[in-house]
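K.L.:
My file is structure25.cif. It has mmCIF, C-alpha atoms:
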data_final
#
loop_
_atom_site.group_PDB
_atom_site.id
_atom_site.type_symbol
_atom_site.label_atom_id
_atom_site.label_comp_id
_atom_site.auth_asym_id
_atom_site.auth_seq_id
_atom_site.Cartn_x
_atom_site.Cartn_y
_atom_site.Cartn_z
ATOM 1 C CA MET A 62 9.700 36.185 10.783
ATOM 2 C CA ASN A 63 6.261 37.064 9.378
ATOM 3 C CA ASN A 64 3.301 37.256 11.714
ATOM 4 C CA ILE A 65 0.729 34.459 11.693
ATOM 5 C CA SER A 66 -2.591 35.556 10.204
ATOM 6 C CA ILE A 67 -5.576 34.177 12.126
ATOM 7 C CA GLY A 68 -9.179 34.936 11.270
ATOM 8 C CA PHE A 69 -12.528 34.253 12.883
ATOM 9 C CA ILE A 70 -15.805 33.845 11.067
ATOM 10 C CA GLY A 71 -18.132 34.584 13.961
ATOM 11 C CA ALA A 72 -17.354 37.003 16.784
ATOM 12 C CA GLY A 73 -19.844 35.810 19.380
ATOM 13 C CA ASN A 74 -19.034 34.665 22.902
ATOM 14 C CA MET A 75 -16.810 31.726 21.986
ATOM 15 C CA GLY A 76 -15.055 33.385 19.075
ATOM 16 C CA SER A 77 -14.383 36.512 21.121
ATOM 17 C CA ALA A 78 -13.103 34.486 24.061
ATOM 18 C CA ILE A 79 -10.631 32.584 21.867
ATOM 19 C CA MET A 80 -9.423 35.827 20.275
ATOM 20 C CA LYS A 81 -8.825 37.317 23.720
ATOM 21 C CA GLY A 82 -7.009 34.123 24.703
ATOM 22 C CA ILE A 83 -4.745 34.466 21.670
ATOM 23 C CA LYS A 84 -3.906 38.066 22.511
ATOM 24 C CA GLY A 85 -3.274 37.138 26.127
ATOM 25 C CA CYS A 86 -0.674 34.432 25.420
ATOM 26 C CA ASN A 87 2.801 34.369 23.912
ATOM 27 C CA ILE A 88 1.573 33.463 20.442
ATOM 28 C CA GLY A 89 -0.447 36.695 20.386
ATOM 29 C CA LYS A 90 2.701 38.769 19.992
ATOM 30 C CA ASN A 91 3.206 37.343 16.505
ATOM 31 C CA VAL A 92 -0.394 37.301 15.294
ATOM 32 C CA ASP A 93 -2.425 39.468 12.928
ATOM 33 C CA LEU A 94 -6.015 38.906 14.014
ATOM 34 C CA TYR A 95 -9.048 39.345 11.745
ATOM 35 C CA ALA A 96 -12.759 38.716 12.154
ATOM 36 C CA PHE A 97 -15.971 38.752 10.178
ATOM 37 C CA ASP A 98 -19.462 38.736 11.646
ATOM 38 C CA PRO A 99 -22.763 39.862 10.084
ATOM 39 C CA ASP A 100 -23.132 41.964 13.230
ATOM 40 C CA SER A 101 -20.234 44.350 12.643
ATOM 41 C CA ALA A 102 -20.607 45.789 16.153
ATOM 42 C CA LYS A 103 -19.301 42.509 17.580
ATOM 43 C CA VAL A 104 -16.083 42.873 15.608
ATOM 44 C CA GLY A 105 -15.861 46.556 16.458
ATOM 45 C CA ALA A 106 -15.979 45.709 20.149
ATOM 46 C CA LEU A 107 -12.734 43.765 19.686
ATOM 47 C CA SER A 108 -10.774 46.605 18.111
ATOM 48 C CA ASP A 109 -9.166 47.409 21.460
ATOM 49 C CA ILE A 110 -7.255 44.120 21.307
ATOM 50 C CA GLY A 111 -6.204 44.728 17.718
ATOM 51 C CA VAL A 112 -8.791 42.694 15.816
ATOM 52 C CA LYS A 113 -9.203 43.939 12.229
ATOM 53 C CA SER A 114 -12.537 43.725 10.450
ATOM 54 C CA CYS A 115 -13.189 41.884 7.188
ATOM 55 C CA SER A 116 -16.178 42.571 4.938
ATOM 56 C CA SER A 117 -16.969 38.940 4.072
ATOM 57 C CA GLU A 118 -16.155 35.320 4.775
ATOM 58 C CA SER A 119 -14.187 34.966 1.535
ATOM 59 C CA GLU A 120 -12.106 38.096 2.214
ATOM 60 C CA LEU A 121 -11.175 36.738 5.623
ATOM 61 C CA ALA A 122 -10.275 33.331 4.173
ATOM 62 C CA LYS A 123 -8.016 34.981 1.588
ATOM 63 C CA LYS A 124 -6.194 37.063 4.201
ATOM 64 C CA CYS A 125 -5.748 34.407 6.892
ATOM 65 C CA ARG A 126 -3.681 31.233 7.049
ATOM 66 C CA TYR A 127 -5.737 29.979 10.005
ATOM 67 C CA VAL A 128 -9.511 30.292 9.631
ATOM 68 C CA PHE A 129 -11.709 29.664 12.663
ATOM 69 C CA LEU A 130 -15.343 28.726 12.090
ATOM 70 C CA ALA A 131 -16.918 30.060 15.292
ATOM 71 C CA VAL A 132 -20.528 29.617 14.209
ATOM 72 C CA LYS A 133 -23.460 27.357 15.021
ATOM 73 C CA PRO A 134 -23.611 24.029 13.155
ATOM 74 C CA GLN A 135 -27.029 24.938 11.744
ATOM 75 C CA ILE A 136 -25.512 27.693 9.562
ATOM 76 C CA ILE A 137 -22.091 26.268 8.822
ATOM 77 C CA GLU A 138 -22.982 25.040 5.325
ATOM 78 C CA SER A 139 -23.804 28.542 4.090
ATOM 79 C CA VAL A 140 -20.746 29.958 5.893
ATOM 80 C CA LEU A 141 -18.434 27.429 4.218
ATOM 81 C CA GLU A 142 -19.923 28.120 0.805
ATOM 82 C CA ALA A 143 -19.364 31.848 1.321
ATOM 83 C CA ALA A 144 -15.777 31.326 2.517
ATOM 84 C CA ALA A 145 -14.821 28.736 -0.129
ATOM 85 C CA PRO A 146 -13.548 31.181 -2.812
ATOM 86 C CA GLY A 147 -10.870 32.340 -0.371
ATOM 87 C CA VAL A 148 -9.761 28.887 0.800
ATOM 88 C CA SER A 149 -6.501 27.516 -0.606
ATOM 89 C CA SER A 150 -4.248 24.510 -0.019
ATOM 90 C CA ASP A 151 -2.349 26.608 2.561
ATOM 91 C CA SER A 152 -5.472 27.385 4.612
ATOM 92 C CA VAL A 153 -5.963 25.662 7.944
ATOM 93 C CA ILE A 154 -9.657 25.531 8.851
ATOM 94 C CA ILE A 155 -10.533 25.209 12.530
ATOM 95 C CA SER A 156 -14.139 24.341 13.337
ATOM 96 C CA ILE A 157 -15.748 24.583 16.776
ATOM 97 C CA ALA A 158 -19.186 23.646 15.416
ATOM 98 C CA ALA A 159 -20.601 20.592 17.190
ATOM 99 C CA GLY A 160 -21.026 17.476 15.085
ATOM 100 C CA ILE A 161 -19.520 18.858 11.863
ATOM 101 C CA SER A 162 -16.941 16.532 10.279
ATOM 102 C CA ASP A 163 -13.761 17.380 8.404
ATOM 103 C CA GLU A 164 -15.148 15.505 5.378
ATOM 104 C CA PHE A 165 -18.140 17.855 5.291
ATOM 105 C CA ILE A 166 -15.899 20.923 5.521
ATOM 106 C CA ALA A 167 -13.723 19.626 2.675
ATOM 107 C CA SER A 168 -16.797 18.919 0.536
ATOM 108 C CA LYS A 169 -17.835 22.571 0.825
ATOM 109 C CA THR A 170 -14.377 24.115 0.338
ATOM 110 C CA ILE A 171 -11.520 22.190 -1.320
ATOM 111 C CA PRO A 172 -11.004 18.397 -1.465
ATOM 112 C CA ASP A 173 -7.629 18.437 0.314
ATOM 113 C CA ALA A 174 -8.639 20.948 2.995
ATOM 114 C CA LYS A 175 -6.574 21.063 6.172
ATOM 115 C CA VAL A 176 -9.094 20.739 8.992
ATOM 116 C CA ILE A 177 -8.782 20.835 12.764
ATOM 117 C CA LEU A 178 -11.901 20.008 14.764
ATOM 118 C CA VAL A 179 -12.252 21.508 18.240
ATOM 119 C CA MET A 180 -14.874 21.005 20.917
ATOM 120 C CA PRO A 181 -14.382 23.786 23.495
ATOM 121 C CA ASN A 182 -16.744 24.766 26.298
ATOM 122 C CA THR A 183 -18.072 28.010 27.746
ATOM 123 C CA PRO A 184 -15.701 28.208 30.778
ATOM 124 C CA LEU A 185 -13.209 29.228 28.110
ATOM 125 C CA LEU A 186 -14.809 32.670 28.556
ATOM 126 C CA LEU A 187 -12.976 32.844 31.909
ATOM 127 C CA GLY A 188 -9.772 31.246 30.657
ATOM 128 C CA GLU A 189 -10.830 27.941 32.220
ATOM 129 C CA GLY A 190 -11.899 26.078 29.122
ATOM 130 C CA ALA A 191 -11.669 22.353 28.459
ATOM 131 C CA SER A 192 -11.101 21.794 24.740
ATOM 132 C CA ALA A 193 -10.806 18.562 22.761
ATOM 133 C CA LEU A 194 -8.930 18.687 19.450
ATOM 134 C CA SER A 195 -8.346 16.401 16.487
ATOM 135 C CA ARG A 196 -7.010 16.898 12.957
ATOM 136 C CA ASN A 197 -7.169 15.307 9.565
ATOM 137 C CA GLU A 198 -4.115 13.920 7.790
ATOM 138 C CA ASN A 199 -3.517 17.103 5.762
ATOM 139 C CA VAL A 200 -2.584 19.191 8.821
ATOM 140 C CA SER A 201 1.130 19.307 9.646
ATOM 141 C CA ASP A 202 2.535 18.923 13.156
ATOM 142 C CA GLU A 203 3.603 22.580 13.125
ATOM 143 C CA GLU A 204 0.152 23.806 12.084
ATOM 144 C CA PHE A 205 -1.566 21.673 14.697
ATOM 145 C CA SER A 206 0.837 22.893 17.382
ATOM 146 C CA VAL A 207 -0.160 26.516 16.702
ATOM 147 C CA VAL A 208 -3.848 25.738 17.269
ATOM 148 C CA LEU A 209 -3.205 23.481 20.255
ATOM 149 C CA ASP A 210 -1.204 26.262 21.937
ATOM 150 C CA ILE A 211 -4.108 28.669 21.434
ATOM 151 C CA PHE A 212 -6.525 26.430 23.325
ATOM 152 C CA LYS A 213 -3.983 25.660 26.021
ATOM 153 C CA ALA A 214 -3.816 29.415 26.579
ATOM 154 C CA CYS A 215 -7.584 29.386 27.224
ATOM 155 C CA GLY A 216 -7.565 26.529 29.770
ATOM 156 C CA LYS A 217 -6.875 22.815 29.316
ATOM 157 C CA ALA A 218 -6.669 21.049 25.962
ATOM 158 C CA ALA A 219 -6.503 17.370 25.018
ATOM 159 C CA VAL A 220 -5.936 15.631 21.686
ATOM 160 C CA ILE A 221 -8.382 12.835 20.910
ATOM 161 C CA SER A 222 -9.143 10.513 18.035
ATOM 162 C CA ARG A 223 -10.970 12.180 15.149
ATOM 163 C CA ASP A 224 -13.690 9.509 15.180
ATOM 164 C CA LYS A 225 -14.626 10.397 18.785
ATOM 165 C CA MET A 226 -15.249 14.119 18.285
ATOM 166 C CA LYS A 227 -19.016 13.645 18.467
ATOM 167 C CA GLU A 228 -18.847 11.428 21.560
ATOM 168 C CA ILE A 229 -16.622 13.926 23.412
ATOM 169 C CA ILE A 230 -19.270 16.671 23.200
ATOM 170 C CA ALA A 231 -21.172 15.268 26.185
ATOM 171 C CA ILE A 232 -17.987 15.046 28.246
ATOM 172 C CA ASN A 233 -16.727 18.606 27.920
ATOM 173 C CA GLY A 234 -18.787 20.606 25.428
ATOM 174 C CA SER A 235 -22.304 20.186 26.803
ATOM 175 C CA SER A 236 -21.417 19.010 30.313
ATOM 176 C CA PRO A 237 -21.289 22.509 31.867
ATOM 177 C CA ALA A 238 -25.065 22.780 31.307
ATOM 178 C CA PHE A 239 -25.580 19.386 32.945
ATOM 179 C CA ILE A 240 -23.421 20.455 35.900
ATOM 180 C CA TYR A 241 -25.352 23.724 36.246
ATOM 181 C CA LEU A 242 -28.632 21.804 36.396
ATOM 182 C CA PHE A 243 -27.143 19.517 39.061
ATOM 183 C CA ALA A 244 -26.025 22.599 41.004
ATOM 184 C CA LYS A 245 -29.494 24.136 40.710
ATOM 185 C CA GLY A 246 -30.931 21.199 42.612
ATOM 186 C CA PHE A 247 -28.642 21.914 45.571
ATOM 187 C CA ILE A 248 -29.224 25.678 45.542
ATOM 188 C CA ASP A 249 -32.987 25.186 45.271
ATOM 189 C CA TYR A 250 -32.856 22.815 48.247
ATOM 190 C CA ALA A 251 -30.887 25.370 50.281
ATOM 191 C CA GLU A 252 -33.502 28.036 49.592
ATOM 192 C CA SER A 253 -36.328 25.642 50.496
ATOM 193 C CA VAL A 254 -34.871 25.151 53.982
ATOM 194 C CA GLY A 255 -34.189 28.840 54.554
ATOM 195 C CA ILE A 256 -30.471 29.046 53.714
ATOM 196 C CA ASP A 257 -29.338 32.216 51.952
ATOM 197 C CA SER A 258 -28.946 31.397 48.246
ATOM 198 C CA ALA A 259 -25.767 33.478 47.876
ATOM 199 C CA ALA A 260 -24.075 31.623 50.733
ATOM 200 C CA ALA A 261 -25.268 28.266 49.392
ATOM 201 C CA SER A 262 -24.045 29.122 45.876
ATOM 202 C CA GLU A 263 -20.615 30.137 47.166
ATOM 203 C CA LEU A 264 -20.220 27.008 49.280
ATOM 204 C CA PHE A 265 -21.499 24.606 46.626
ATOM 205 C CA SER A 266 -19.420 26.243 43.888
ATOM 206 C CA GLN A 267 -16.291 25.909 45.995
ATOM 207 C CA SER A 268 -17.229 22.283 46.656
ATOM 208 C CA LEU A 269 -17.331 21.725 42.888
ATOM 209 C CA ILE A 270 -13.936 23.394 42.456
ATOM 210 C CA GLY A 271 -12.397 21.446 45.335
ATOM 211 C CA SER A 272 -13.898 18.159 44.201
ATOM 212 C CA ALA A 273 -12.559 18.702 40.684
ATOM 213 C CA LYS A 274 -9.089 19.314 42.122
ATOM 214 C CA MET A 275 -9.381 16.086 44.123
ATOM 215 C CA ILE A 276 -10.155 14.229 40.888
ATOM 216 C CA THR A 277 -7.204 15.738 39.017
ATOM 217 C CA ASP A 278 -4.600 16.063 41.771
ATOM 218 C CA SER A 279 -5.235 13.638 44.644
ATOM 219 C CA GLY A 280 -4.251 10.417 42.888
ATOM 220 C CA TYR A 281 -7.360 8.626 44.167
ATOM 221 C CA THR A 282 -9.897 6.904 41.921
ATOM 222 C CA LEU A 283 -13.472 8.151 41.799
ATOM 223 C CA ASP A 284 -14.660 5.182 43.866
ATOM 224 C CA GLU A 285 -11.976 5.883 46.472
ATOM 225 C CA LEU A 286 -12.954 9.555 46.630
ATOM 226 C CA ILE A 287 -16.604 8.633 47.186
ATOM 227 C CA ARG A 288 -15.622 6.309 50.033
ATOM 228 C CA MET A 289 -13.491 9.033 51.646
ATOM 229 C CA VAL A 290 -16.618 11.185 52.152
ATOM 230 C CA SER A 291 -18.897 8.308 53.135
ATOM 231 C CA SER A 292 -18.741 7.417 56.842
ATOM 232 C CA PRO A 293 -20.634 4.209 57.756
ATOM 233 C CA GLY A 294 -24.163 5.074 58.825
ATOM 234 C CA GLY A 295 -23.556 8.765 58.142
ATOM 235 C CA THR A 296 -25.308 11.542 56.241
ATOM 236 C CA THR A 297 -23.431 11.083 52.969
ATOM 237 C CA LEU A 298 -24.420 7.439 52.614
ATOM 238 C CA ALA A 299 -28.042 8.347 53.336
ATOM 239 C CA GLY A 300 -27.947 10.811 50.440
ATOM 240 C CA LEU A 301 -26.010 8.453 48.163
ATOM 241 C CA ASP A 302 -28.620 5.747 48.705
ATOM 242 C CA ARG A 303 -31.257 8.023 47.182
ATOM 243 C CA LEU A 304 -29.014 8.824 44.222
ATOM 244 C CA TYR A 305 -28.418 5.116 43.675
ATOM 245 C CA GLU A 306 -32.181 4.509 43.878
ATOM 246 C CA GLY A 307 -32.646 7.109 41.180
ATOM 247 C CA ASN A 308 -29.998 5.448 38.994
ATOM 248 C CA LEU A 309 -28.035 8.686 38.721
ATOM 249 C CA THR A 310 -25.139 7.184 36.753
ATOM 250 C CA ASP A 311 -27.543 5.472 34.328
ATOM 251 C CA THR A 312 -29.379 8.767 33.833
ATOM 252 C CA VAL A 313 -26.074 10.515 33.117
ATOM 253 C CA LYS A 314 -25.201 7.827 30.579
ATOM 254 C CA LYS A 315 -28.561 8.280 28.833
ATOM 255 C CA CYS A 316 -28.000 12.040 28.849
ATOM 256 C CA CYS A 317 -24.626 11.566 27.131
ATOM 257 C CA GLU A 318 -26.090 9.127 24.611
ATOM 258 C CA SER A 319 -28.819 11.633 23.666
ATOM 259 C CA CYS A 320 -26.212 14.350 23.294
ATOM 260 C CA THR A 321 -24.101 12.158 21.002
ATOM 261 C CA LYS A 322 -27.128 11.089 18.947
ATOM 262 C CA ARG A 323 -27.964 14.734 18.265
ATOM 263 C CA ALA A 324 -24.352 15.386 17.235
ATOM 264 C CA TYR A 325 -24.623 12.675 14.585
ATOM 265 C CA GLU A 326 -27.932 14.127 13.382
ATOM 266 C CA LEU A 327 -26.319 17.564 12.988
ATOM 267 C CA SER A 328 -23.507 16.062 10.916
ATOM 268 C CA LYS A 329 -25.870 14.803 8.199
#
Any chance you could give the structure as structure tokens?

P.N.:
Amino acid sequence: MNNISIGFIGAGNMGSAIMKGIKGCNIGKNVDLYAFDPDSAKVGALSDIGVKSCSSESELAKKCRYVFLAVKPQIIESVLEAAAPGVSSDSVIISIAAGISDEFIASKTIPDAKVILVMPNTPLLLGEGASALSRNENVSDEEFSVVLDIFKACGKAAVISRDKMKEIIAINGSSPAFIYLFAKGFIDYAESVGIDSAAASELFSQSLIGSAKMITDSGYTLDELIRMVSSPGGTTLAGLDRLYEGNLTDTVKKCCESCTKRAYELSK
């Protein structure tokens, strides 16, 4: 059985993390891994896990069956144009660029391009990613399974409808930044009342981890989980009242809507 050839255009944080995830899972045993980045040092830093360097986007596309676009959406048009001469009907193009549609990718490469869209997030750097995937009708079940297994090796992965790939960005792609800002409020409060920031960070971080496990594993709804922490007349309800006064859930919704709006702007 021939090895699967997988290439990455872009060897930054996300691209590097996915490559390491590939090499760290079962599929990595049967993979020839290539990368191209204008900063050749980034590719060189991956040589210890067997990543081979390509001199251009088109060379990589010619060599690899699976081509990952691990670049920012603002430069993806020029990247696709550079890669297009190497793209064939056998190529499977995987894009992690926010807001970029499969129709756009096909318009810059070949009309019947096989495209898988992925929205990962930065916890993937620790093998704890949350990635949403969709595909167009040209991608076979076998081809999609290869890519799905890669992202499962880097954390959790879910398949969603292709027409919701922009809406999902707020839920898993951008949400770590929103969570970090939320956490900052608690750590800043701890410091303001004289609590050691390292201790506060450790305790609050573990509270986030534990709360997430309660959501995924306890079997309770979110409303039930809130009630479990909220004793009548107690401290939690006093704090919740202020969050309700500030319309926290409405603010989160507006945050998500702004995130989605920008995704649609980037796709034009």

K.L.:
Kindly list the centre and edge lengths in Å, rounded to one decimal, for the axis-aligned box that covers all listed atoms of range 276-291 of chain A plus 5 Å on each of its six sides, as JSON.

P.N.:
{"center_x": -11.6, "center_y": 10.6, "center_z": 46.1, "size_x": 24.6, "size_y": 20.9, "size_z": 24.1}

K.L.:
Hey, which of A:Lys315, A:Arg196, A:Lys133, A:Lys169 ends up closest to Ile155 in chain A? Count all atoms listed in the file.

P.N.:
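Going through A:Lys315, A:Arg196, A:Lys133, A:Lys169 one by one, the smallest distance to Ile155 in chain A is for A:Arg196.
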
K.L.:
Name the residues, using the chain letters and numbers of the file, that sit within 12 Å of (-24.4, 10.7, 6.7) when counting all atoms listed in the file, and give them as a list in words.

P.N.:
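Counting all atoms listed in the file, I find these residues within 12 Å of (-24.4, 10.7, 6.7): Gly160, Ile161, Ser162, Glu164, Phe165, Ala324, Tyr325, Glu326, Leu327, Ser328 and Lys329 of chain A.
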
K.L.:
Go ahead and save the residues from that selection, with C-alpha atoms, as a PDB file, in the coordinates of the input.

P.N.:
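Result saved to out.pdb:
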ATOM      1  CA  GLY A 160     -21.026  17.476  15.085  1.00  0.00           C
ATOM      2  CA  ILE A 161     -19.520  18.858  11.863  1.00  0.00           C
ATOM      3  CA  SER A 162     -16.941  16.532  10.279  1.00  0.00           C
ATOM      4  CA  GLU A 164     -15.148  15.505   5.378  1.00  0.00           C
ATOM      5  CA  PHE A 165     -18.140  17.855   5.291  1.00  0.00           C
ATOM      6  CA  ALA A 324     -24.352  15.386  17.235  1.00  0.00           C
ATOM      7  CA  TYR A 325     -24.623  12.675  14.585  1.00  0.00           C
ATOM      8  CA  GLU A 326     -27.932  14.127  13.382  1.00  0.00           C
ATOM      9  CA  LEU A 327     -26.319  17.564  12.988  1.00  0.00           C
ATOM     10  CA  SER A 328     -23.507  16.062  10.916  1.00  0.00           C
ATOM     11  CA  LYS A 329     -25.870  14.803   8.199  1.00  0.00           C
TER      12      LYS A 329
END

K.L.:
Report the distance between CA of Cys320 in chain A and CA of Leu194 in chain A in Å, rounded to one decimal place.

P.N.:
18.2 Å

K.L.:
Which one is closest to Pro181 in chain A: A:Leu269, A:Val92, A:Ile79, A:Ala106? Count only C-alpha atoms.

P.N.:
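Of A:Leu269, A:Val92, A:Ile79, A:Ala106, the one nearest Pro181 in chain A, counting only C-alpha atoms, is A:Ile79.
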
K.L.:
Convert the output of the PyMOL selection byres ((chain A and resi 139) around 12) on the shown file into explicit residues, formatted as an MDAnalysis selection string.

P.N.:
chainID A and resid 70 118:119 130 132:138 140:145 166 169:170

K.L.:
Let's have the selection written as a CSV table (one decimal), in the frame of the given file, with C-alpha atoms.

P.N.:
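Listing of selection_18.csv after writing:
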chain,number,residue,atom,x,y,z
A,70,ILE,CA,-15.8,33.8,11.1
A,118,GLU,CA,-16.2,35.3,4.8
A,119,SER,CA,-14.2,35.0,1.5
A,130,LEU,CA,-15.3,28.7,12.1
A,132,VAL,CA,-20.5,29.6,14.2
A,133,LYS,CA,-23.5,27.4,15.0
A,134,PRO,CA,-23.6,24.0,13.2
A,135,GLN,CA,-27.0,24.9,11.7
A,136,ILE,CA,-25.5,27.7,9.6
A,137,ILE,CA,-22.1,26.3,8.8
A,138,GLU,CA,-23.0,25.0,5.3
A,140,VAL,CA,-20.7,30.0,5.9
A,141,LEU,CA,-18.4,27.4,4.2
A,142,GLU,CA,-19.9,28.1,0.8
A,143,ALA,CA,-19.4,31.8,1.3
A,144,ALA,CA,-15.8,31.3,2.5
A,145,ALA,CA,-14.8,28.7,-0.1
A,166,ILE,CA,-15.9,20.9,5.5
A,169,LYS,CA,-17.8,22.6,0.8
A,170,THR,CA,-14.4,24.1,0.3

K.L.:
Which distance in Å separates CA of Ser235 in chain A and CA of Asn182 in chain A, to one decimal?

P.N.:
7.2 Å

K.L.:
Please determine, counting all atoms listed in the file, which residue among A:Asn63, A:Ser262, A:Ser192, A:Ser201 has the shortest atom-to-atom distance to Ala219 in chain A.

P.N.:
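Distance minimum relative to Ala219 in chain A lands on A:Ser192.
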
K.L.:
Tell me, as a ChimeraX atom specification, which residues lie within 10 Å of Ala238 in chain A, counting all atoms listed in the file; anything in the same chain fewer than 6 positions away does not count.

P.N.:
/A:182-183,231,244

K.L.:
Separation of CA of Ser117 in chain A and CA of Val104 in chain A, in Å?

P.N.:
12.2 Å

K.L.:
Counting only C-alpha atoms, figure out which residue out of A:Ser236, A:Ser101, A:Ser152, A:Ser206 gets nearest to Val128 in chain A.

P.N.:
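Result for the nearest residue to Val128 in chain A: A:Ser152.
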
K.L.:
Nearest to Glu228 in chain A: which of A:Val207, A:Cys215, A:Met275, A:Ala159 is it, counting all atoms listed in the file?

P.N.:
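For Glu228 in chain A, the nearest of the given residues is A:Ala159.
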
K.L.:
Expand the PyMOL selection byres ((chain A and resi 94-97) around 8) into the explicit residue set it covers here, and present it as number ranges by chain.

P.N.:
A: 66-72, 80, 92-93, 98-99, 101, 104, 111-118, 121, 125

K.L.:
Tell me which of A:Ile232, A:Met75, A:Lys84, A:Leu301 sits closest to Ser156 in chain A, counting only C-alpha atoms.

P.N.:
A:Met75

K.L.:
Please write as a count of residues only the full residue list that the PyMOL selection byres ((chain A and resi 189) around 12) yields on this file.

P.N.:
24

K.L.:
Asn197 in chain A: which residues within 10 Å, counting only C-alpha atoms, same-chain residues fewer than 2 positions away excluded, as an NGL selection string?

P.N.:
:A and (162-164 or 173-178 or 195 or 199-201 or 205 or 222-223)
